[in-house]
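Peer 1: Before we start, here is the structure in question, set down as structure tokens.
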Amino acid sequence: MREERKSMLIVISGPSGVGKGTIYSQLLKNDHSLTFSVSVTTRAPRLGERDGVDYFFITQEEYDRLLAQDAFLEHAAVHGNCYGTLKSQVEAKLAAGWSVVLDIDPQGARNVMNIWPDCVSIFLLPPSYEELRRRLYGRNTDNPEAIERRLSNARGEIEQASLYQYNVVNDDVERAYQRVAAIIAAEKLRTTRYKPVVE
């Protein structure tokens with residue numbers, strides 16, 4: 001038997017601090033058909049973040065130049081900084097046969113879902129706002145003012161969870177990862193992406 005497979009674009013979104021990075025890191029570690037699209041941002045790197053790995057850290061001037069060149073698949077101003085996904089990165093990886101994972105904020109995710117209706121969209125939710133607050137303060141990467149802004153934005157973002165194909169509550173990292181991995185495994189077998197040819 002011969003198998004024909006089409007790669008897919010996977011959008012993982014949710015409020016800041018919900019655990020998107022932890023989930024997609026596990027996916028990439030365990031599923032070698034997936035690759036990550038590194039976004040650009042104008043914000044400063046957090047402790048331990050690496051340029052070209054976690055984000056491409058660029059200046060506002062560089063961001064504006066890319067914007068003028070229509071280089072972004074999606075872009076948004078979030079929490080006082082600018083973010084964007086480069087079309088060239090996504091298209092090249094899909095053309096090479098990879099399924100591409102995007103870890104993007106809900107504003108950017110909605111843009112991608114409108115442009116790319118065939119994408120797989122997954123929204124991660126916290127078990128409670130109090131738990132989200134604990135995680136944001138616990139990671140110790142932002143000042144209290146920035147954290148409170150992220151928490152305030154989270155309420156509006158969570159209200160739009162029904163716009164996504166899938167909702168996963170991250171009340172336990174391993175359980176949430178298993179659910180997301182199961183979604184991706186099932187999506188790989190959709191007839192629009194998978195054609196077993198019996199010879």
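By convention here, the chains of the structure tokens are called A, B, ... in the order presented, each chain's residues are numbered starting at 1, and ligands are numbered starting at 1 in the order presented.
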Hey, what's within 12 Å of segment 153-163 of chain A if we count only C-alpha atoms and toss same-chain stuff fewer than 6 positions away? As a count of residues only, please?

Peer 2: 37

Peer 1: With only C-alpha atoms as the counted atoms, please give the residues lying no more than 9 Å from Phe57 of chain A, apart from itself and same-chain residues fewer than 2 positions off, as a list in words.

Peer 2: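 So the residues in contact are Ser39, Val40, Thr41, Thr42, Arg43, Ala44, Pro45, Arg50, Asp51, Gly52, Asp54, Tyr55 and Thr59 of chain A.
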
Peer 1: Using only C-alpha atoms, can you tell me which of A:Thr191, A:Ser33, A:Gln69, A:Asn81 comes closest to Leu94 of chain A?

Peer 2: A:Ser33

Peer 1: Might you pull out every residue within 10 Å of Tyr24 of chain A, with only C-alpha atoms counted and same-chain residues fewer than 6 positions away left off, and present them as a list of chain:residue names?

Peer 2: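 The residues that qualify are A:Ile12, A:Asn30, A:Leu34, A:Thr35, A:Phe36, A:Val101, A:Leu102, A:Asp103, A:Tyr177, A:Val180, A:Ala181.
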
Peer 1: From the list A:Gln26, A:Thr85, A:Ser152, A:Ser7, which residue is nearest Arg190 of chain A when using only C-alpha atoms?

Peer 2: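 Nearest candidate to Arg190 of chain A out of A:Gln26, A:Thr85, A:Ser152, A:Ser7: A:Ser7.
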
Peer 1: Identify which of the residues A:Arg5, A:Arg65, A:Lys87, A:Arg175 lies closest to Tyr194 of chain A, counting only C-alpha atoms when measuring atom-to-atom distances.

Peer 2: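 Among the listed residues, A:Arg5 lies closest to Tyr194 of chain A.
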
Peer 1: Write out as a PyMOL selection string all residues of segment 36-70 of chain A that backbone DSSP assigns to helix (DSSP H, G or I).

Peer 2: chain A and resi 60-68

Peer 1: How about saving the chosen residues, N, CA, C and O atoms kept, as a short mmCIF file (atom, residue, chain, number, x, y, z; two decimals), in the first residue's frame?

Peer 2:
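Written out: selection29.cif:
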data_model
loop_
_atom_site.label_atom_id
_atom_site.label_comp_id
_atom_site.auth_asym_id
_atom_site.auth_seq_id
_atom_site.Cartn_x
_atom_site.Cartn_y
_atom_site.Cartn_z
N GLN A 60 11.47 47.89 16.18
CA GLN A 60 10.21 48.39 15.62
C GLN A 60 10.40 48.80 14.16
O GLN A 60 9.51 48.58 13.33
N GLU A 61 11.55 49.35 13.84
CA GLU A 61 11.84 49.77 12.46
C GLU A 61 11.86 48.56 11.52
O GLU A 61 11.31 48.61 10.42
N GLU A 62 12.51 47.47 11.96
CA GLU A 62 12.55 46.25 11.14
C GLU A 62 11.14 45.68 10.97
O GLU A 62 10.76 45.23 9.88
N TYR A 63 10.37 45.71 12.06
CA TYR A 63 8.99 45.20 12.02
C TYR A 63 8.16 46.01 11.01
O TYR A 63 7.45 45.43 10.18
N ASP A 64 8.27 47.32 11.07
CA ASP A 64 7.52 48.19 10.15
C ASP A 64 7.91 47.95 8.70
O ASP A 64 7.07 47.99 7.80
N ARG A 65 9.19 47.67 8.48
CA ARG A 65 9.66 47.39 7.11
C ARG A 65 9.03 46.09 6.59
O ARG A 65 8.56 46.02 5.45
N LEU A 66 9.02 45.04 7.43
CA LEU A 66 8.40 43.77 7.04
C LEU A 66 6.90 43.93 6.79
O LEU A 66 6.34 43.36 5.86
N LEU A 67 6.28 44.73 7.62
CA LEU A 67 4.85 45.01 7.47
C LEU A 67 4.57 45.68 6.13
O LEU A 67 3.65 45.30 5.40
N ALA A 68 5.40 46.65 5.77
CA ALA A 68 5.25 47.36 4.49
C ALA A 68 5.47 46.44 3.30
O ALA A 68 4.90 46.64 2.23
#
